>>> print(open('protein.pdb').read())   # PDB, C-alpha atoms
ATOM      1  CA  MET T   1      38.384   2.801 -26.956
ATOM      2  CA  SER T   2      36.813   4.153 -30.119
ATOM      3  CA  ARG T   3      35.950   7.459 -28.441
ATOM      4  CA  PHE T   4      39.422   8.936 -28.993
ATOM      5  CA  ILE T   5      40.601  10.895 -32.014
ATOM      6  CA  GLU T   6      43.005   8.720 -33.923
ATOM      7  CA  GLY T   7      45.818   9.843 -36.184
ATOM      8  CA  ILE T   8      47.101   8.121 -39.284
ATOM      9  CA  ASP T   9      49.847   5.550 -39.221
ATOM     10  CA  GLY T  10      53.220   7.104 -40.011
ATOM     11  CA  ARG T  11      54.108   4.235 -42.354
ATOM     12  CA  GLN T  12      50.915   4.471 -44.396
ATOM     13  CA  ARG T  13      51.520   5.452 -48.023
ATOM     14  CA  LEU T  14      49.458   8.216 -49.524
ATOM     15  CA  LEU T  15      48.257   8.346 -53.103
ATOM     16  CA  LEU T  16      49.039  12.051 -53.371
ATOM     17  CA  PRO T  17      51.685  13.417 -50.987
ATOM     18  CA  ASP T  18      50.798  16.404 -48.856
ATOM     19  CA  CYS T  19      52.148  19.789 -49.824
ATOM     20  CA  ILE T  20      54.527  21.271 -47.230
ATOM     21  CA  ASP T  21      52.946  24.663 -47.886
ATOM     22  CA  ASP T  22      49.771  23.372 -46.240
ATOM     23  CA  TYR T  23      51.631  22.967 -42.931
ATOM     24  CA  VAL T  24      53.021  26.533 -42.859
ATOM     25  CA  THR T  25      50.434  29.056 -41.709
ATOM     26  CA  GLU T  26      49.795  32.246 -43.652
ATOM     27  CA  ASP T  27      51.039  34.475 -40.836
ATOM     28  CA  SER T  28      54.216  32.490 -40.161
ATOM     29  CA  PRO T  29      57.447  34.522 -39.877
ATOM     30  CA  VAL T  30      59.193  32.163 -42.312
ATOM     31  CA  ARG T  31      57.027  33.556 -45.114
ATOM     32  CA  VAL T  32      58.387  37.032 -44.345
ATOM     33  CA  VAL T  33      61.946  35.674 -44.355
ATOM     34  CA  ASP T  34      61.344  33.911 -47.677
ATOM     35  CA  MET T  35      59.915  37.017 -49.351
ATOM     36  CA  PHE T  36      62.664  39.219 -47.921
ATOM     37  CA  VAL T  37      65.561  37.050 -49.087
ATOM     38  CA  ASN T  38      63.972  36.455 -52.506
ATOM     39  CA  GLU T  39      63.823  40.240 -53.026
ATOM     40  CA  LEU T  40      67.466  40.758 -52.025
ATOM     41  CA  ASP T  41      70.268  40.996 -54.537
ATOM     42  CA  VAL T  42      72.698  38.644 -52.811
ATOM     43  CA  GLY T  43      75.504  39.507 -55.221
ATOM     44  CA  GLU T  44      75.242  43.182 -54.276
ATOM     45  CA  LEU T  45      75.538  42.361 -50.579
ATOM     46  CA  GLY T  46      78.805  40.518 -51.123
ATOM     47  CA  PHE T  47      77.792  36.879 -51.334
ATOM     48  CA  GLU T  48      79.955  34.990 -53.798
ATOM     49  CA  GLY T  49      78.690  33.011 -56.769
ATOM     50  CA  ALA T  50      79.139  29.287 -57.320
ATOM     51  CA  ALA T  51      82.624  27.831 -57.541
ATOM     52  CA  ALA T  52      83.880  26.944 -61.023
ATOM     53  CA  THR T  53      85.128  23.504 -60.003
ATOM     54  CA  GLY T  54      84.061  20.853 -57.544
ATOM     55  CA  ARG T  55      80.689  19.832 -56.280
ATOM     56  CA  SER T  56      77.855  22.341 -56.542
ATOM     57  CA  GLY T  57      77.212  24.232 -53.339
ATOM     58  CA  TYR T  58      74.081  25.606 -51.757
ATOM     59  CA  HIS T  59      72.767  28.900 -53.086
ATOM     60  CA  PRO T  60      73.687  31.786 -50.754
ATOM     61  CA  ALA T  61      70.014  32.815 -50.586
ATOM     62  CA  THR T  62      69.086  29.400 -49.150
ATOM     63  CA  MET T  63      71.838  29.587 -46.559
ATOM     64  CA  LEU T  64      70.851  33.156 -45.681
ATOM     65  CA  LYS T  65      67.237  32.057 -45.169
ATOM     66  CA  LEU T  66      68.435  29.353 -42.805
ATOM     67  CA  TYR T  67      70.651  31.804 -40.938
ATOM     68  CA  ILE T  68      67.867  34.399 -40.543
ATOM     69  CA  TYR T  69      65.500  31.628 -39.440
ATOM     70  CA  GLY T  70      67.996  30.758 -36.702
ATOM     71  CA  TYR T  71      68.336  34.432 -35.813
ATOM     72  CA  LEU T  72      64.567  34.780 -35.344
ATOM     73  CA  ASN T  73      64.202  31.557 -33.359
ATOM     74  CA  GLN T  74      67.337  32.036 -31.221
ATOM     75  CA  VAL T  75      69.155  29.074 -32.735
ATOM     76  CA  GLN T  76      72.798  30.109 -33.125
ATOM     77  CA  SER T  77      74.548  26.761 -33.185
ATOM     78  CA  SER T  78      75.384  25.293 -36.594
ATOM     79  CA  ARG T  79      74.601  21.803 -35.325
ATOM     80  CA  ARG T  80      71.195  22.896 -34.039
ATOM     81  CA  LEU T  81      70.451  24.647 -37.342
ATOM     82  CA  GLU T  82      71.304  21.390 -39.128
ATOM     83  CA  ARG T  83      68.832  19.523 -36.895
ATOM     84  CA  GLU T  84      66.138  22.159 -37.425
ATOM     85  CA  ALA T  85      66.559  21.934 -41.204
ATOM     86  CA  GLY T  86      65.873  18.194 -41.035
ATOM     87  CA  ARG T  87      62.957  18.071 -38.608
ATOM     88  CA  ASN T  88      61.159  21.435 -38.525
ATOM     89  CA  VAL T  89      58.448  21.709 -41.181
ATOM     90  CA  GLU T  90      58.738  25.495 -41.447
ATOM     91  CA  CYS T  91      62.483  25.205 -41.955
ATOM     92  CA  MET T  92      61.985  22.473 -44.566
ATOM     93  CA  TRP T  93      59.560  24.750 -46.408
ATOM     94  CA  LEU T  94      61.990  27.655 -46.176
ATOM     95  CA  THR T  95      64.996  25.759 -47.529
ATOM     96  CA  GLY T  96      63.137  23.593 -50.038
ATOM     97  CA  LYS T  97      63.839  20.417 -48.008
ATOM     98  CA  LEU T  98      67.596  20.989 -48.213
ATOM     99  CA  THR T  99      69.570  19.994 -45.137
ATOM    100  CA  PRO T 100      73.077  21.421 -45.181
ATOM    101  CA  ASP T 101      75.413  19.896 -42.630
ATOM    102  CA  PHE T 102      76.804  21.879 -39.699
ATOM    103  CA  LYS T 103      80.212  22.409 -41.305
ATOM    104  CA  THR T 104      78.635  24.010 -44.386
ATOM    105  CA  ILE T 105      76.564  26.316 -42.176
ATOM    106  CA  ALA T 106      79.602  27.259 -40.082
ATOM    107  CA  ASP T 107      81.740  27.895 -43.170
ATOM    108  CA  PHE T 108      79.011  30.056 -44.694
ATOM    109  CA  ARG T 109      78.855  32.105 -41.502
ATOM    110  CA  ARG T 110      82.639  32.444 -41.375
ATOM    111  CA  ASP T 111      83.144  33.302 -45.055
ATOM    112  CA  HIS T 112      80.271  35.776 -45.399
ATOM    113  CA  GLY T 113      80.252  37.604 -42.057
ATOM    114  CA  ALA T 114      80.052  41.151 -43.448
ATOM    115  CA  ALA T 115      77.384  40.239 -46.018
ATOM    116  CA  ILE T 116      75.274  38.503 -43.350
ATOM    117  CA  GLN T 117      75.516  41.593 -41.138
ATOM    118  CA  ALA T 118      74.386  43.802 -44.021
ATOM    119  CA  ALA T 119      71.463  41.480 -44.784
ATOM    120  CA  CYS T 120      70.410  41.333 -41.129
ATOM    121  CA  ARG T 121      70.643  45.119 -40.900
ATOM    122  CA  ARG T 122      68.299  45.421 -43.882
ATOM    123  CA  PHE T 123      65.974  42.801 -42.393
ATOM    124  CA  VAL T 124      65.701  44.745 -39.123
ATOM    125  CA  LEU T 125      64.989  47.961 -41.052
ATOM    126  CA  VAL T 126      62.247  46.255 -43.077
ATOM    127  CA  CYS T 127      60.698  44.793 -39.909
ATOM    128  CA  ARG T 128      60.885  48.198 -38.218
ATOM    129  CA  ASN T 129      59.179  49.865 -41.215
ATOM    130  CA  LEU T 130      56.421  47.231 -41.161
ATOM    131  CA  GLY T 131      55.873  47.788 -37.447
ATOM    132  CA  LEU T 132      56.974  44.301 -36.437
ATOM    133  CA  ILE T 133      59.736  45.664 -34.169
ATOM    134  CA  ALA T 134      59.154  48.469 -31.673
ATOM    135  CA  GLY T 135      62.701  49.842 -31.984
ATOM    136  CA  GLY T 136      63.145  50.616 -28.279
ATOM    137  CA  THR T 137      66.446  50.942 -26.503
ATOM    138  CA  VAL T 138      68.012  47.814 -25.100
ATOM    139  CA  ALA T 139      70.875  48.089 -22.627
ATOM    140  CA  VAL T 140      73.163  45.191 -21.852
ATOM    141  CA  ASP T 141      75.465  45.347 -18.875
ATOM    142  CA  GLY T 142      78.838  43.888 -19.730
ATOM    143  CA  SER T 143      80.655  44.699 -16.509
ATOM    144  CA  ARG T 144      82.735  42.015 -14.900
ATOM    145  CA  LEU T 145      83.207  41.920 -11.157
ATOM    146  CA  ARG T 146      85.805  40.012  -9.239
ATOM    147  CA  ALA T 147      84.082  37.679  -6.835
ATOM    148  CA  VAL T 148      86.553  37.026  -4.044
ATOM    149  CA  ASN T 149      85.298  36.387  -0.550
ATOM    150  CA  ALA T 150      88.521  35.530   1.190
ATOM    151  CA  ARG T 151      88.619  35.808   4.970
ATOM    152  CA  ASP T 152      91.078  38.707   4.845
ATOM    153  CA  ARG T 153      88.892  40.697   2.414
ATOM    154  CA  ASN T 154      85.528  39.912   3.984
ATOM    155  CA  PHE T 155      83.821  42.952   5.501
ATOM    156  CA  THR T 156      80.695  42.847   7.619
ATOM    157  CA  ARG T 157      79.120  45.821   9.336
ATOM    158  CA  SER T 158      78.617  45.347  13.022
ATOM    159  CA  PRO T 159      75.387  43.487  13.389
ATOM    160  CA  SER T 160      72.699  43.927  16.011
ATOM    161  CA  GLY T 161      72.710  41.695  19.083
ATOM    162  CA  ALA T 162      70.053  39.303  17.789
ATOM    163  CA  ALA T 163      71.748  38.820  14.469
ATOM    164  CA  TRP T 164      75.140  38.463  16.150
ATOM    165  CA  SER T 165      73.944  35.648  18.404
ATOM    166  CA  ARG T 166      72.429  33.896  15.429
ATOM    167  CA  TRP T 167      75.811  33.925  13.618
ATOM    168  CA  TRP T 168      77.915  32.914  16.626
ATOM    169  CA  PRO T 169      76.182  30.499  19.011
ATOM    170  CA  GLY T 170      78.911  30.865  21.670
ATOM    171  CA  SER T 171      78.847  34.639  21.661
ATOM    172  CA  ALA T 172      77.580  35.260  25.205
ATOM    173  CA  ALA T 173      80.940  36.679  26.216
ATOM    174  CA  ILE T 174      81.151  38.820  23.100
ATOM    175  CA  SER T 175      77.620  40.232  23.408
ATOM    176  CA  ALA T 176      78.585  41.859  26.710
ATOM    177  CA  CYS T 177      81.177  43.895  24.834
ATOM    178  CA  SER T 178      79.958  47.280  23.561
ATOM    179  CA  THR T 179      81.405  46.856  20.051
ATOM    180  CA  PRO T 180      81.350  43.347  18.657
ATOM    181  CA  PRO T 181      84.461  42.559  16.626
ATOM    182  CA  THR T 182      84.364  42.225  12.837
ATOM    183  CA  GLY T 183      86.628  40.537  10.291
ATOM    184  CA  ARG T 184      89.458  38.496  11.828
ATOM    185  CA  LYS T 185      88.493  39.495  15.307
ATOM    186  CA  ALA T 186      85.030  37.996  14.762
ATOM    187  CA  ARG T 187      86.561  34.558  14.547
ATOM    188  CA  GLN T 188      87.747  34.865  18.119
ATOM    189  CA  LEU T 189      85.125  34.060  20.708
ATOM    190  CA  SER T 190      86.367  36.641  23.184
ATOM    191  CA  CYS T 191      87.623  40.180  22.790
ATOM    192  CA  ALA T 192      90.460  41.918  24.616
ATOM    193  CA  ARG T 193      88.137  43.754  27.023
ATOM    194  CA  CYS T 194      86.109  40.659  27.996
ATOM    195  CA  GLY T 195      89.126  38.490  28.514
TER     196      GLY T 195
END
>>> encode(input="protein.pdb", output="structure tokens")
Amino acid sequence: MSRFIEGIDGRQRLLLPDCIDDYVTEDSPVRVVDMFVNELDVGELGFEGAAATGRSGYHPATMLKLYIYGYLNQVQSSRRLEREAGRNVECMWLTGKLTPDFKTIADFRRDHGAAIQAACRRFVLVCRNLGLIAGGTVAVDGSRLRAVNARDRNFTRSPSGAAWSRWWPGSAAISACSTPPTGRKARQLSCARCG
């Protein structure tokens, strides 16, 4: 069995630990997110500074990086973002191996909604200027239709003879009639003319 490629044991200690930067490729989108957020003035966008009392919180730039990472990778849930921060190497690189819990992520989203929108708007503009986004029109249909198929509201056009016999096996008496009944009358196996 020595003809297979073997990996290293996960419990083996290394003399010099690997650098996380080695695992993130040069063309990874997280590098763009990191450079973008580092260039932003988060105070100007409306993100608050650190609280004067209590335990130190996460820097708003770190939380914004995590939020934009979720935006790019279609991860909206705070609990899923928490899991990604703990297991995804790109996310670990982006946040500096910080793993905020889901409540912190949800509170950040709730408390800084307008500032996050402004930052995402700027991010989309930067991506559009770099040619990363085409900028086409996207239409989303938000119409809601009532789906009721009650017997009283069911409407069926009069079907051809072959289709009618397929729907109603005992329709020999009805097929002799010139106009097959529809709706409530279709539930009857005989019409007034056929007896």
>>> residues_around(input="protein.pdb", residues="Cys19 (chain T)", least_positions_apart="5", cutoff="12 Å", atoms="all atoms listed in the file", output="ChimeraX atom specification")
/T:14,24,89,92-93,96-97
>>> residues_around(input="protein.pdb", residues="Val37 (chain T)", least_positions_apart="6", cutoff="12 Å", atoms="all atoms listed in the file", output="PyMOL selection string")
chain T and resi 30-31+43+45+59-69+94-95+116+119-120+122-123+126
>>> atom_distance(input="protein.pdb", atom1="CA of Val42 (chain T)", atom2="CA of Phe108 (chain T)")
13.4 Å
>>> closest_residue(input="protein.pdb", among="T:Asn38, T:Ser78, T:Gln117, T:Thr25", to="Pro100 (chain T)", atoms="only C-alpha atoms")
T:Ser78
>>> atom_distance(input="protein.pdb", atom1="CA of Cys91 (chain T)", atom2="CA of Asn129 (chain T)")
24.9 Å
>>> residues_around(input="protein.pdb", residues="Arg83 (chain T)", least_positions_apart="2", cutoff="12 Å", atoms="all atoms listed in the file", output="NGL selection string")
:T and (66 or 70 or 75-81 or 85-89 or 91-92 or 98-102 or 105)
>>> atom_distance(input="protein.pdb", atom1="CA of Val32 (chain T)", atom2="CA of Cys127 (chain T)")
9.2 Å
>>> axis_aligned_box(input="protein.pdb", around="region 20-39 of chain T", padding_each_side="3 Å", output="AutoDock Vina command-line options")
--center_x 57.7 --center_y 30.8 --center_z -46.5 --size_x 21.8 --size_y 25.0 --size_z 19.1
>>> closest_residue(input="protein.pdb", among="T:Asp21, T:Ile8, T:Glu26, T:Asp111", to="Glu48 (chain T)", atoms="all atoms listed in the file")
T:Asp111
>>> closest_residue(input="protein.pdb", among="T:Phe47, T:Asp18, T:Glu39, T:Asp34", to="Ala118 (chain T)", atoms="all atoms listed in the file")
T:Phe47
>>> closest_residue(input="protein.pdb", among="T:Gly46, T:Pro29, T:Phe4, T:Glu82", to="Ala114 (chain T)", atoms="all atoms listed in the file")
T:Gly46
